[in-house]
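Listing of model.txt; format and content: compact mmCIF, N, CA and C atoms.
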```txt
# COMPACT_ATOMS: atom_id res chain seq x y z
N MET A 1 -10.76 23.30 -39.76
CA MET A 1 -12.06 23.58 -40.31
C MET A 1 -12.56 22.41 -41.15
N SER A 2 -11.93 21.31 -40.98
CA SER A 2 -12.31 20.15 -41.76
C SER A 2 -13.13 19.17 -40.93
N ARG A 3 -14.08 19.67 -40.17
CA ARG A 3 -14.88 18.82 -39.30
C ARG A 3 -15.76 17.91 -40.15
N ARG A 4 -15.54 16.62 -40.00
CA ARG A 4 -16.31 15.63 -40.74
C ARG A 4 -17.33 14.97 -39.84
N LYS A 5 -18.38 14.50 -40.45
CA LYS A 5 -19.41 13.80 -39.69
C LYS A 5 -18.85 12.46 -39.23
N THR A 6 -18.94 12.22 -37.91
CA THR A 6 -18.43 10.97 -37.38
C THR A 6 -19.48 10.20 -36.61
N ARG A 7 -20.62 10.80 -36.32
CA ARG A 7 -21.68 10.13 -35.58
C ARG A 7 -23.03 10.63 -36.07
N PRO A 8 -24.08 9.85 -35.88
CA PRO A 8 -25.41 10.29 -36.32
C PRO A 8 -25.85 11.49 -35.49
N ARG A 9 -26.57 12.38 -36.14
CA ARG A 9 -27.14 13.52 -35.42
C ARG A 9 -28.30 13.03 -34.58
N THR A 10 -28.32 13.47 -33.33
CA THR A 10 -29.41 13.06 -32.46
C THR A 10 -30.44 14.16 -32.31
N SER A 11 -30.08 15.37 -32.70
CA SER A 11 -31.03 16.49 -32.65
C SER A 11 -30.66 17.45 -33.76
N PRO A 12 -31.59 18.31 -34.16
CA PRO A 12 -31.30 19.22 -35.24
C PRO A 12 -30.17 20.18 -34.87
N ALA A 13 -29.46 20.64 -35.91
CA ALA A 13 -28.39 21.61 -35.69
C ALA A 13 -28.98 22.87 -35.07
N PRO A 14 -28.24 23.51 -34.18
CA PRO A 14 -28.75 24.72 -33.54
C PRO A 14 -28.87 25.85 -34.56
N ALA A 15 -29.65 26.82 -34.19
CA ALA A 15 -29.79 27.99 -35.06
C ALA A 15 -28.44 28.65 -35.22
N ALA A 16 -28.15 29.11 -36.42
CA ALA A 16 -26.89 29.80 -36.68
C ALA A 16 -26.88 31.15 -35.97
N PRO A 17 -25.71 31.63 -35.60
CA PRO A 17 -25.63 32.95 -34.99
C PRO A 17 -26.26 34.00 -35.91
N ALA A 18 -26.84 35.01 -35.33
CA ALA A 18 -27.50 36.06 -36.10
C ALA A 18 -26.46 36.93 -36.81
N VAL A 19 -26.29 36.68 -38.09
CA VAL A 19 -25.41 37.49 -38.93
C VAL A 19 -26.26 37.98 -40.08
N THR A 20 -26.33 39.29 -40.24
CA THR A 20 -27.11 39.87 -41.33
C THR A 20 -26.17 40.43 -42.38
N ALA A 21 -26.71 40.83 -43.50
CA ALA A 21 -25.90 41.41 -44.57
C ALA A 21 -25.14 42.64 -44.09
N ASP A 22 -25.69 43.36 -43.11
CA ASP A 22 -25.04 44.57 -42.61
C ASP A 22 -24.12 44.33 -41.42
N SER A 23 -24.09 43.11 -40.89
CA SER A 23 -23.20 42.79 -39.77
C SER A 23 -21.75 42.82 -40.23
N PRO A 24 -20.82 43.08 -39.30
CA PRO A 24 -19.41 42.93 -39.66
C PRO A 24 -19.16 41.50 -40.12
N CYS A 25 -18.32 41.33 -41.11
CA CYS A 25 -18.07 39.98 -41.62
C CYS A 25 -17.28 39.18 -40.58
N PRO A 26 -17.71 37.95 -40.32
CA PRO A 26 -17.00 37.11 -39.35
C PRO A 26 -15.55 36.83 -39.72
N CYS A 27 -15.20 36.95 -41.00
CA CYS A 27 -13.84 36.60 -41.44
C CYS A 27 -12.79 37.59 -40.98
N GLY A 28 -13.22 38.74 -40.46
CA GLY A 28 -12.26 39.70 -39.93
C GLY A 28 -11.88 40.83 -40.86
N LEU A 29 -12.27 40.76 -42.12
CA LEU A 29 -11.99 41.88 -43.02
C LEU A 29 -12.92 43.03 -42.66
N ASP A 30 -12.49 44.23 -42.98
CA ASP A 30 -13.26 45.43 -42.64
C ASP A 30 -14.35 45.67 -43.68
N ALA A 31 -15.37 44.82 -43.64
CA ALA A 31 -16.49 44.92 -44.58
C ALA A 31 -17.70 44.27 -43.95
N ALA A 32 -18.86 44.64 -44.45
CA ALA A 32 -20.10 44.00 -44.00
C ALA A 32 -20.17 42.60 -44.59
N TYR A 33 -20.81 41.70 -43.88
CA TYR A 33 -20.94 40.31 -44.31
C TYR A 33 -21.51 40.21 -45.74
N GLY A 34 -22.54 40.97 -46.05
CA GLY A 34 -23.17 40.88 -47.37
C GLY A 34 -22.25 41.28 -48.50
N ALA A 35 -21.32 42.21 -48.24
CA ALA A 35 -20.39 42.67 -49.27
C ALA A 35 -19.09 41.87 -49.25
N CYS A 36 -18.93 41.03 -48.26
CA CYS A 36 -17.69 40.27 -48.11
C CYS A 36 -18.01 38.79 -48.36
N CYS A 37 -17.99 37.97 -47.36
CA CYS A 37 -18.21 36.52 -47.52
C CYS A 37 -19.63 36.16 -47.92
N GLY A 38 -20.61 36.95 -47.49
CA GLY A 38 -22.00 36.67 -47.82
C GLY A 38 -22.25 36.62 -49.32
N ARG A 39 -21.52 37.40 -50.08
CA ARG A 39 -21.71 37.41 -51.55
C ARG A 39 -21.27 36.09 -52.17
N PHE A 40 -20.26 35.45 -51.56
CA PHE A 40 -19.85 34.13 -52.06
C PHE A 40 -20.83 33.05 -51.60
N HIS A 41 -21.30 33.18 -50.36
CA HIS A 41 -22.26 32.19 -49.84
C HIS A 41 -23.53 32.17 -50.69
N SER A 42 -24.00 33.35 -51.07
CA SER A 42 -25.23 33.44 -51.86
C SER A 42 -25.01 33.13 -53.33
N GLY A 43 -23.76 33.19 -53.78
CA GLY A 43 -23.45 32.94 -55.18
C GLY A 43 -23.58 34.16 -56.07
N THR A 44 -23.89 35.32 -55.48
CA THR A 44 -24.08 36.52 -56.30
C THR A 44 -22.78 37.08 -56.84
N ALA A 45 -21.64 36.69 -56.27
CA ALA A 45 -20.35 37.20 -56.73
C ALA A 45 -19.50 36.12 -57.36
N GLY A 46 -20.11 35.02 -57.74
CA GLY A 46 -19.34 33.92 -58.30
C GLY A 46 -18.57 33.21 -57.21
N THR A 47 -17.32 32.86 -57.49
CA THR A 47 -16.50 32.12 -56.54
C THR A 47 -15.37 33.01 -56.02
N ALA A 48 -14.82 32.63 -54.89
CA ALA A 48 -13.71 33.38 -54.30
C ALA A 48 -12.51 33.35 -55.26
N PRO A 49 -11.91 34.51 -55.56
CA PRO A 49 -10.84 34.56 -56.56
C PRO A 49 -9.47 34.10 -56.06
N THR A 50 -9.30 33.94 -54.75
CA THR A 50 -8.02 33.47 -54.20
C THR A 50 -8.29 32.42 -53.13
N ALA A 51 -7.25 31.64 -52.85
CA ALA A 51 -7.37 30.63 -51.79
C ALA A 51 -7.63 31.30 -50.44
N GLU A 52 -6.99 32.44 -50.18
CA GLU A 52 -7.21 33.12 -48.91
C GLU A 52 -8.66 33.60 -48.76
N LEU A 53 -9.21 34.17 -49.82
CA LEU A 53 -10.62 34.59 -49.73
C LEU A 53 -11.55 33.40 -49.59
N LEU A 54 -11.20 32.28 -50.21
CA LEU A 54 -12.01 31.08 -50.01
C LEU A 54 -11.91 30.62 -48.55
N MET A 55 -10.69 30.66 -48.00
CA MET A 55 -10.53 30.28 -46.59
C MET A 55 -11.38 31.16 -45.70
N ARG A 56 -11.35 32.46 -45.92
CA ARG A 56 -12.14 33.40 -45.12
C ARG A 56 -13.64 33.11 -45.27
N SER A 57 -14.07 32.86 -46.50
CA SER A 57 -15.50 32.62 -46.73
C SER A 57 -15.93 31.28 -46.12
N ARG A 58 -15.05 30.31 -46.11
CA ARG A 58 -15.38 29.02 -45.47
C ARG A 58 -15.45 29.17 -43.96
N TYR A 59 -14.53 29.95 -43.39
CA TYR A 59 -14.62 30.22 -41.95
C TYR A 59 -15.97 30.86 -41.63
N SER A 60 -16.34 31.89 -42.41
CA SER A 60 -17.63 32.55 -42.19
C SER A 60 -18.78 31.58 -42.36
N ALA A 61 -18.65 30.63 -43.27
CA ALA A 61 -19.70 29.62 -43.47
C ALA A 61 -19.81 28.72 -42.24
N PHE A 62 -18.69 28.42 -41.59
CA PHE A 62 -18.77 27.68 -40.33
C PHE A 62 -19.47 28.51 -39.27
N VAL A 63 -19.19 29.81 -39.23
CA VAL A 63 -19.83 30.69 -38.24
C VAL A 63 -21.34 30.69 -38.42
N VAL A 64 -21.81 30.85 -39.67
CA VAL A 64 -23.26 30.95 -39.92
C VAL A 64 -23.88 29.58 -40.22
N ARG A 65 -23.06 28.55 -40.18
CA ARG A 65 -23.50 27.16 -40.40
C ARG A 65 -24.15 26.97 -41.77
N ASP A 66 -23.42 27.40 -42.78
CA ASP A 66 -23.88 27.28 -44.17
C ASP A 66 -23.29 25.99 -44.76
N GLU A 67 -23.94 24.88 -44.49
CA GLU A 67 -23.45 23.58 -44.93
C GLU A 67 -23.36 23.49 -46.46
N ALA A 68 -24.33 24.04 -47.15
CA ALA A 68 -24.34 23.95 -48.62
C ALA A 68 -23.09 24.60 -49.21
N TYR A 69 -22.72 25.76 -48.69
CA TYR A 69 -21.53 26.45 -49.20
C TYR A 69 -20.27 25.65 -48.88
N LEU A 70 -20.17 25.14 -47.67
CA LEU A 70 -18.99 24.36 -47.30
C LEU A 70 -18.83 23.15 -48.21
N LEU A 71 -19.90 22.43 -48.47
CA LEU A 71 -19.82 21.26 -49.34
C LEU A 71 -19.52 21.65 -50.78
N ARG A 72 -20.09 22.76 -51.23
CA ARG A 72 -19.87 23.23 -52.60
C ARG A 72 -18.42 23.62 -52.83
N THR A 73 -17.72 24.07 -51.78
CA THR A 73 -16.34 24.55 -51.92
C THR A 73 -15.33 23.54 -51.39
N TRP A 74 -15.72 22.29 -51.28
CA TRP A 74 -14.85 21.21 -50.82
C TRP A 74 -14.48 20.37 -52.02
N ALA A 75 -13.22 20.00 -52.15
CA ALA A 75 -12.77 19.17 -53.28
C ALA A 75 -13.54 17.85 -53.28
N PRO A 76 -14.03 17.43 -54.44
CA PRO A 76 -14.84 16.20 -54.52
C PRO A 76 -14.16 14.98 -53.91
N GLU A 77 -12.84 14.88 -54.05
CA GLU A 77 -12.15 13.68 -53.56
C GLU A 77 -12.02 13.63 -52.02
N THR A 78 -12.25 14.74 -51.34
CA THR A 78 -12.14 14.75 -49.87
C THR A 78 -13.43 15.23 -49.20
N ARG A 79 -14.45 15.53 -49.98
CA ARG A 79 -15.71 16.08 -49.45
C ARG A 79 -16.49 15.03 -48.67
N PRO A 80 -16.92 15.38 -47.43
CA PRO A 80 -17.78 14.46 -46.68
C PRO A 80 -19.22 14.54 -47.20
N ALA A 81 -20.04 13.63 -46.77
CA ALA A 81 -21.45 13.64 -47.17
C ALA A 81 -22.20 14.81 -46.54
N GLU A 82 -21.80 15.19 -45.34
CA GLU A 82 -22.41 16.32 -44.66
C GLU A 82 -21.43 16.89 -43.65
N VAL A 83 -21.74 18.07 -43.14
CA VAL A 83 -20.89 18.74 -42.17
C VAL A 83 -21.51 18.56 -40.79
N ASP A 84 -20.70 18.18 -39.84
CA ASP A 84 -21.16 17.96 -38.47
C ASP A 84 -20.87 19.22 -37.65
N PHE A 85 -21.87 20.08 -37.49
CA PHE A 85 -21.71 21.28 -36.69
C PHE A 85 -21.86 20.92 -35.22
N ASP A 86 -20.89 21.25 -34.41
CA ASP A 86 -20.91 20.97 -32.98
C ASP A 86 -21.81 22.00 -32.30
N ARG A 87 -22.86 21.54 -31.66
CA ARG A 87 -23.85 22.42 -31.01
C ARG A 87 -23.22 23.30 -29.93
N ALA A 88 -22.15 22.83 -29.31
CA ALA A 88 -21.55 23.56 -28.19
C ALA A 88 -20.42 24.48 -28.62
N LEU A 89 -20.15 24.58 -29.92
CA LEU A 89 -19.02 25.36 -30.42
C LEU A 89 -19.50 26.63 -31.11
N ARG A 90 -18.87 27.75 -30.76
CA ARG A 90 -19.15 29.04 -31.42
C ARG A 90 -17.82 29.65 -31.84
N TRP A 91 -17.67 29.87 -33.14
CA TRP A 91 -16.45 30.49 -33.68
C TRP A 91 -16.46 31.98 -33.35
N THR A 92 -15.30 32.50 -32.89
CA THR A 92 -15.25 33.89 -32.41
C THR A 92 -14.21 34.77 -33.09
N GLY A 93 -13.35 34.21 -33.92
CA GLY A 93 -12.36 35.06 -34.59
C GLY A 93 -11.44 34.27 -35.50
N LEU A 94 -10.93 34.95 -36.51
CA LEU A 94 -10.03 34.34 -37.49
C LEU A 94 -8.81 35.22 -37.68
N GLU A 95 -7.65 34.60 -37.66
CA GLU A 95 -6.40 35.30 -37.96
C GLU A 95 -5.66 34.52 -39.03
N ILE A 96 -5.46 35.15 -40.18
CA ILE A 96 -4.68 34.53 -41.25
C ILE A 96 -3.22 34.73 -40.90
N GLN A 97 -2.47 33.65 -40.79
CA GLN A 97 -1.07 33.73 -40.39
C GLN A 97 -0.11 33.66 -41.56
N GLY A 98 -0.58 33.18 -42.69
CA GLY A 98 0.27 33.11 -43.87
C GLY A 98 -0.45 32.45 -45.02
N ALA A 99 0.01 32.77 -46.23
CA ALA A 99 -0.56 32.17 -47.44
C ALA A 99 0.57 31.97 -48.45
N THR A 100 0.50 30.86 -49.15
CA THR A 100 1.47 30.56 -50.19
C THR A 100 0.71 30.27 -51.48
N ASP A 101 1.10 30.95 -52.54
CA ASP A 101 0.45 30.81 -53.84
C ASP A 101 -1.06 31.09 -53.69
N GLY A 102 -1.90 30.40 -54.40
CA GLY A 102 -3.34 30.56 -54.24
C GLY A 102 -3.95 31.80 -54.89
N THR A 103 -3.26 32.37 -55.87
CA THR A 103 -3.81 33.53 -56.58
C THR A 103 -4.37 33.09 -57.93
N ALA A 104 -4.79 34.06 -58.72
CA ALA A 104 -5.34 33.77 -60.05
C ALA A 104 -4.31 33.09 -60.95
N PHE A 105 -3.03 33.17 -60.59
CA PHE A 105 -1.96 32.62 -61.42
C PHE A 105 -1.52 31.22 -60.97
N HIS A 106 -2.18 30.66 -59.97
CA HIS A 106 -1.78 29.37 -59.42
C HIS A 106 -2.89 28.32 -59.53
N GLN A 107 -2.48 27.07 -59.41
CA GLN A 107 -3.42 25.95 -59.38
C GLN A 107 -3.57 25.37 -57.97
N HIS A 108 -2.63 25.70 -57.09
CA HIS A 108 -2.63 25.21 -55.72
C HIS A 108 -2.24 26.35 -54.79
N GLY A 109 -2.62 26.24 -53.54
CA GLY A 109 -2.23 27.23 -52.56
C GLY A 109 -2.44 26.69 -51.16
N THR A 110 -1.81 27.34 -50.20
CA THR A 110 -2.00 26.99 -48.80
C THR A 110 -2.31 28.26 -48.02
N VAL A 111 -3.08 28.10 -46.96
CA VAL A 111 -3.39 29.19 -46.05
C VAL A 111 -3.26 28.63 -44.63
N THR A 112 -2.46 29.32 -43.82
CA THR A 112 -2.33 28.95 -42.42
C THR A 112 -3.10 29.97 -41.61
N PHE A 113 -3.91 29.47 -40.68
CA PHE A 113 -4.75 30.37 -39.90
C PHE A 113 -4.90 29.86 -38.48
N ALA A 114 -5.33 30.77 -37.63
CA ALA A 114 -5.74 30.42 -36.27
C ALA A 114 -7.19 30.87 -36.13
N ALA A 115 -8.03 29.99 -35.64
CA ALA A 115 -9.45 30.31 -35.43
C ALA A 115 -9.75 30.17 -33.95
N SER A 116 -10.34 31.22 -33.38
CA SER A 116 -10.73 31.20 -31.97
C SER A 116 -12.17 30.72 -31.86
N TYR A 117 -12.46 30.11 -30.73
CA TYR A 117 -13.82 29.61 -30.50
C TYR A 117 -14.10 29.57 -29.01
N VAL A 118 -15.37 29.38 -28.70
CA VAL A 118 -15.81 29.06 -27.35
C VAL A 118 -16.54 27.73 -27.47
N HIS A 119 -16.15 26.76 -26.64
CA HIS A 119 -16.76 25.44 -26.68
C HIS A 119 -17.21 25.09 -25.27
N GLY A 120 -18.51 24.94 -25.10
CA GLY A 120 -19.04 24.62 -23.78
C GLY A 120 -18.68 25.66 -22.74
N GLY A 121 -18.59 26.92 -23.17
CA GLY A 121 -18.25 28.01 -22.26
C GLY A 121 -16.77 28.26 -22.08
N GLU A 122 -15.92 27.40 -22.64
CA GLU A 122 -14.47 27.53 -22.51
C GLU A 122 -13.85 28.05 -23.80
N PRO A 123 -13.01 29.11 -23.72
CA PRO A 123 -12.36 29.61 -24.93
C PRO A 123 -11.26 28.66 -25.40
N GLY A 124 -11.01 28.67 -26.70
CA GLY A 124 -9.95 27.85 -27.27
C GLY A 124 -9.57 28.38 -28.63
N SER A 125 -8.62 27.73 -29.26
CA SER A 125 -8.25 28.08 -30.62
C SER A 125 -7.69 26.85 -31.32
N MET A 126 -7.75 26.88 -32.61
CA MET A 126 -7.16 25.82 -33.43
C MET A 126 -6.35 26.47 -34.53
N ARG A 127 -5.33 25.80 -34.94
CA ARG A 127 -4.48 26.29 -36.02
C ARG A 127 -4.49 25.22 -37.10
N GLU A 128 -4.60 25.67 -38.35
CA GLU A 128 -4.61 24.72 -39.46
C GLU A 128 -3.82 25.29 -40.62
N ARG A 129 -3.11 24.41 -41.29
CA ARG A 129 -2.49 24.74 -42.58
C ARG A 129 -3.35 24.04 -43.62
N SER A 130 -4.17 24.82 -44.30
CA SER A 130 -5.14 24.29 -45.27
C SER A 130 -4.56 24.27 -46.67
N ARG A 131 -4.91 23.24 -47.41
CA ARG A 131 -4.49 23.12 -48.81
C ARG A 131 -5.70 23.34 -49.72
N PHE A 132 -5.48 24.10 -50.75
CA PHE A 132 -6.52 24.45 -51.71
C PHE A 132 -6.03 24.12 -53.12
N ALA A 133 -6.97 23.85 -54.01
CA ALA A 133 -6.63 23.57 -55.41
C ALA A 133 -7.76 24.10 -56.29
N ARG A 134 -7.46 24.24 -57.55
CA ARG A 134 -8.48 24.62 -58.52
C ARG A 134 -9.24 23.36 -58.94
N HIS A 135 -10.56 23.49 -58.99
CA HIS A 135 -11.41 22.41 -59.50
C HIS A 135 -12.40 23.07 -60.45
N GLU A 136 -12.32 22.68 -61.71
CA GLU A 136 -13.19 23.27 -62.74
C GLU A 136 -13.13 24.80 -62.69
N GLY A 137 -11.92 25.32 -62.46
CA GLY A 137 -11.69 26.77 -62.48
C GLY A 137 -11.89 27.49 -61.16
N ALA A 138 -12.51 26.85 -60.19
CA ALA A 138 -12.79 27.51 -58.90
C ALA A 138 -11.90 26.94 -57.80
N TRP A 139 -11.56 27.78 -56.84
CA TRP A 139 -10.80 27.32 -55.67
C TRP A 139 -11.68 26.44 -54.80
N VAL A 140 -11.11 25.32 -54.33
CA VAL A 140 -11.79 24.44 -53.39
C VAL A 140 -10.82 24.05 -52.28
N TYR A 141 -11.39 23.75 -51.12
CA TYR A 141 -10.62 23.25 -49.98
C TYR A 141 -10.34 21.78 -50.22
N VAL A 142 -9.09 21.36 -50.07
CA VAL A 142 -8.72 19.96 -50.24
C VAL A 142 -8.64 19.28 -48.88
N ASP A 143 -7.74 19.76 -48.05
CA ASP A 143 -7.58 19.20 -46.70
C ASP A 143 -6.65 20.11 -45.91
N GLY A 144 -6.37 19.72 -44.69
CA GLY A 144 -5.50 20.54 -43.87
C GLY A 144 -4.90 19.76 -42.72
N ASP A 145 -3.82 20.31 -42.20
CA ASP A 145 -3.16 19.75 -41.03
C ASP A 145 -3.53 20.65 -39.85
N VAL A 146 -4.21 20.05 -38.86
CA VAL A 146 -4.70 20.80 -37.70
C VAL A 146 -3.77 20.58 -36.53
N THR A 147 -3.46 21.69 -35.85
CA THR A 147 -2.79 21.63 -34.56
C THR A 147 -3.60 22.51 -33.63
N GLU A 148 -3.99 21.98 -32.49
CA GLU A 148 -4.86 22.76 -31.59
C GLU A 148 -4.09 23.32 -30.44
```
Structure re-expressed in structure tokens:
Amino acid sequence: MSRRKTRPRTSPAPAAPAVTADSPCPCGLDAAYGACCGRFHSGTAGTAPTAELLMRSRYSAFVVRDEAYLLRTWAPETRPAEVDFDRALRWTGLEIQGATDGTAFHQHGTVTFAASYVHGGEPGSMRERSRFARHEGAWVYVDGDVTE
């Protein structure tokens, strides 16, 4: 989920998938988007209280193409200038495979996940072990090791 901009955009980013406040949350939890990840995206619920919830909300931000949220929750030392959304990629599911630390009692944490997608009509998945840290009291994404 650490897609960085590597080339100039030649056309505007495609419209984000239609996700409303009442839609099931893309992160896979049994809640509506507005009551789950949408509350973090809008800022109405403050910041995600755990690294796992931040991971879920960032995945949902990739689904709805919320660049502002992704940049806001990226560690300053590894944050790109912008997020390069692939026009041919649609995220279709998230499975959290494990988490280490990352609670209110920690300063660092990791989350391992598998994310399913369709790219150019072909299904696929990627696996990442993401690292998170506290920055000014809030959880932020630092980086991750991707295996596809």
7 Å contact set for Gly102 (chain A), only C-alpha atoms, chain neighbours under 6 positions out, as JSON, numbers by chain:
{"A": [50, 51, 108, 109, 110]}
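For the choices A:Arg90, A:His135, A:Arg56, A:His106, the atom-to-atom distance to Val118 (chain A) is smallest for A:Arg90 when using only C-alpha atoms.
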Surrounding residues of Cys27 (chain A) excluding itself and chain neighbours under 2 positions, 6.5 Å, only N, CA and C atoms, as a ChimeraX atom specification
/A:24-25,29,56-57,59-60,94
For the residues selected in the previous step, produce a file with N, CA and C atoms as a short mmCIF file (atom, residue, chain, number, x, y, z; two decimals), in the frame of the given file.
```
data_model
loop_
_atom_site.label_atom_id
_atom_site.label_comp_id
_atom_site.auth_asym_id
_atom_site.auth_seq_id
_atom_site.Cartn_x
_atom_site.Cartn_y
_atom_site.Cartn_z
N PRO A 24 -20.82 43.08 -39.30
CA PRO A 24 -19.41 42.93 -39.66
C PRO A 24 -19.16 41.50 -40.12
N CYS A 25 -18.32 41.33 -41.11
CA CYS A 25 -18.07 39.98 -41.62
C CYS A 25 -17.28 39.18 -40.58
N LEU A 29 -12.27 40.76 -42.12
CA LEU A 29 -11.99 41.88 -43.02
C LEU A 29 -12.92 43.03 -42.66
N ARG A 56 -11.35 32.46 -45.92
CA ARG A 56 -12.14 33.40 -45.12
C ARG A 56 -13.64 33.11 -45.27
N SER A 57 -14.07 32.86 -46.50
CA SER A 57 -15.50 32.62 -46.73
C SER A 57 -15.93 31.28 -46.12
N TYR A 59 -14.53 29.95 -43.39
CA TYR A 59 -14.62 30.22 -41.95
C TYR A 59 -15.97 30.86 -41.63
N SER A 60 -16.34 31.89 -42.41
CA SER A 60 -17.63 32.55 -42.19
C SER A 60 -18.78 31.58 -42.36
N LEU A 94 -10.93 34.95 -36.51
CA LEU A 94 -10.03 34.34 -37.49
C LEU A 94 -8.81 35.22 -37.68
#
```
Polymer residues at most 8 Å from (-7.0, 23.2, -37.3) by all atoms listed in the file, as a PyMOL selection string
chain A and resi 1-2+113-115+125-130+144-148
Within 7 Å of Thr73 (chain A), counting only C-alpha atoms, which residues qualify if same-chain residues fewer than 2 places away don't, as a PDB file with N, CA and C atoms, keeping the file's coordinate frame?
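part.pdb written:
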```pdb
ATOM      1  N   TYR A  69     -22.720  25.760 -48.690  1.00  0.00           N
ATOM      2  CA  TYR A  69     -21.530  26.450 -49.200  1.00  0.00           C
ATOM      3  C   TYR A  69     -20.270  25.650 -48.880  1.00  0.00           C
ATOM      4  N   LEU A  70     -20.170  25.140 -47.670  1.00  0.00           N
ATOM      5  CA  LEU A  70     -18.990  24.360 -47.300  1.00  0.00           C
ATOM      6  C   LEU A  70     -18.830  23.150 -48.210  1.00  0.00           C
ATOM      7  N   LEU A  71     -19.900  22.430 -48.470  1.00  0.00           N
ATOM      8  CA  LEU A  71     -19.820  21.260 -49.340  1.00  0.00           C
ATOM      9  C   LEU A  71     -19.520  21.650 -50.780  1.00  0.00           C
ATOM     10  N   ALA A  75     -13.220  20.000 -52.150  1.00  0.00           N
ATOM     11  CA  ALA A  75     -12.770  19.170 -53.280  1.00  0.00           C
ATOM     12  C   ALA A  75     -13.540  17.850 -53.280  1.00  0.00           C
ATOM     13  N   VAL A 140     -11.110  25.320 -54.330  1.00  0.00           N
ATOM     14  CA  VAL A 140     -11.790  24.440 -53.390  1.00  0.00           C
ATOM     15  C   VAL A 140     -10.820  24.050 -52.280  1.00  0.00           C
ATOM     16  N   TYR A 141     -11.390  23.750 -51.120  1.00  0.00           N
ATOM     17  CA  TYR A 141     -10.620  23.250 -49.980  1.00  0.00           C
ATOM     18  C   TYR A 141     -10.340  21.780 -50.220  1.00  0.00           C
TER      19      TYR A 141
END
```
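Separating atom N of Leu53 (chain A) from atom C of Pro123 (chain A) is a distance of 25.1 Å.
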Box along x, y and z, 4 Å on every side, all listed atoms of region 75-94 of chain A inside: centre and edge lengths in Å to one decimal, as lines of an AutoDock Vina configuration file.
```
center_x = -16.3
center_y = 24.4
center_z = -41.4
size_x = 23.0
size_y = 29.6
size_z = 34.3
```
If you run DSSP on this backbone, which residues of region 18-111 of chain A come out as strand (DSSP E), and could you give them as a PDB file with N, CA and C atoms, in the coordinates of the input?
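Contents of states.pdb, freshly written:
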```
ATOM      1  N   LEU A  89     -20.150  24.580 -29.920  1.00  0.00           N
ATOM      2  CA  LEU A  89     -19.020  25.360 -30.420  1.00  0.00           C
ATOM      3  C   LEU A  89     -19.500  26.630 -31.110  1.00  0.00           C
ATOM      4  N   ARG A  90     -18.870  27.750 -30.760  1.00  0.00           N
ATOM      5  CA  ARG A  90     -19.150  29.040 -31.420  1.00  0.00           C
ATOM      6  C   ARG A  90     -17.820  29.650 -31.840  1.00  0.00           C
ATOM      7  N   TRP A  91     -17.670  29.870 -33.140  1.00  0.00           N
ATOM      8  CA  TRP A  91     -16.450  30.490 -33.680  1.00  0.00           C
ATOM      9  C   TRP A  91     -16.460  31.980 -33.350  1.00  0.00           C
ATOM     10  N   THR A  92     -15.300  32.500 -32.890  1.00  0.00           N
ATOM     11  CA  THR A  92     -15.250  33.890 -32.410  1.00  0.00           C
ATOM     12  C   THR A  92     -14.210  34.770 -33.090  1.00  0.00           C
ATOM     13  N   GLY A  93     -13.350  34.210 -33.920  1.00  0.00           N
ATOM     14  CA  GLY A  93     -12.360  35.060 -34.590  1.00  0.00           C
ATOM     15  C   GLY A  93     -11.440  34.270 -35.500  1.00  0.00           C
ATOM     16  N   LEU A  94     -10.930  34.950 -36.510  1.00  0.00           N
ATOM     17  CA  LEU A  94     -10.030  34.340 -37.490  1.00  0.00           C
ATOM     18  C   LEU A  94      -8.810  35.220 -37.680  1.00  0.00           C
ATOM     19  N   GLU A  95      -7.650  34.600 -37.660  1.00  0.00           N
ATOM     20  CA  GLU A  95      -6.400  35.300 -37.960  1.00  0.00           C
ATOM     21  C   GLU A  95      -5.660  34.520 -39.030  1.00  0.00           C
ATOM     22  N   ILE A  96      -5.460  35.150 -40.180  1.00  0.00           N
ATOM     23  CA  ILE A  96      -4.680  34.530 -41.250  1.00  0.00           C
ATOM     24  C   ILE A  96      -3.220  34.730 -40.900  1.00  0.00           C
ATOM     25  N   GLN A  97      -2.470  33.650 -40.790  1.00  0.00           N
ATOM     26  CA  GLN A  97      -1.070  33.730 -40.390  1.00  0.00           C
ATOM     27  C   GLN A  97      -0.110  33.660 -41.560  1.00  0.00           C
ATOM     28  N   GLY A  98      -0.580  33.180 -42.690  1.00  0.00           N
ATOM     29  CA  GLY A  98       0.270  33.110 -43.870  1.00  0.00           C
ATOM     30  C   GLY A  98      -0.450  32.450 -45.020  1.00  0.00           C
ATOM     31  N   ALA A  99       0.010  32.770 -46.230  1.00  0.00           N
ATOM     32  CA  ALA A  99      -0.560  32.170 -47.440  1.00  0.00           C
ATOM     33  C   ALA A  99       0.570  31.970 -48.450  1.00  0.00           C
ATOM     34  N   THR A 100       0.500  30.860 -49.150  1.00  0.00           N
ATOM     35  CA  THR A 100       1.470  30.560 -50.190  1.00  0.00           C
ATOM     36  C   THR A 100       0.710  30.270 -51.480  1.00  0.00           C
ATOM     37  N   ASP A 101       1.100  30.950 -52.540  1.00  0.00           N
ATOM     38  CA  ASP A 101       0.450  30.810 -53.840  1.00  0.00           C
ATOM     39  C   ASP A 101      -1.060  31.090 -53.690  1.00  0.00           C
ATOM     40  N   HIS A 108      -2.630  25.700 -57.090  1.00  0.00           N
ATOM     41  CA  HIS A 108      -2.630  25.210 -55.720  1.00  0.00           C
ATOM     42  C   HIS A 108      -2.240  26.350 -54.790  1.00  0.00           C
ATOM     43  N   GLY A 109      -2.620  26.240 -53.540  1.00  0.00           N
ATOM     44  CA  GLY A 109      -2.230  27.230 -52.560  1.00  0.00           C
ATOM     45  C   GLY A 109      -2.440  26.690 -51.160  1.00  0.00           C
ATOM     46  N   THR A 110      -1.810  27.340 -50.200  1.00  0.00           N
ATOM     47  CA  THR A 110      -2.000  26.990 -48.800  1.00  0.00           C
ATOM     48  C   THR A 110      -2.310  28.260 -48.020  1.00  0.00           C
ATOM     49  N   VAL A 111      -3.080  28.100 -46.960  1.00  0.00           N
ATOM     50  CA  VAL A 111      -3.390  29.190 -46.050  1.00  0.00           C
ATOM     51  C   VAL A 111      -3.260  28.630 -44.630  1.00  0.00           C
TER      52      VAL A 111
END
```
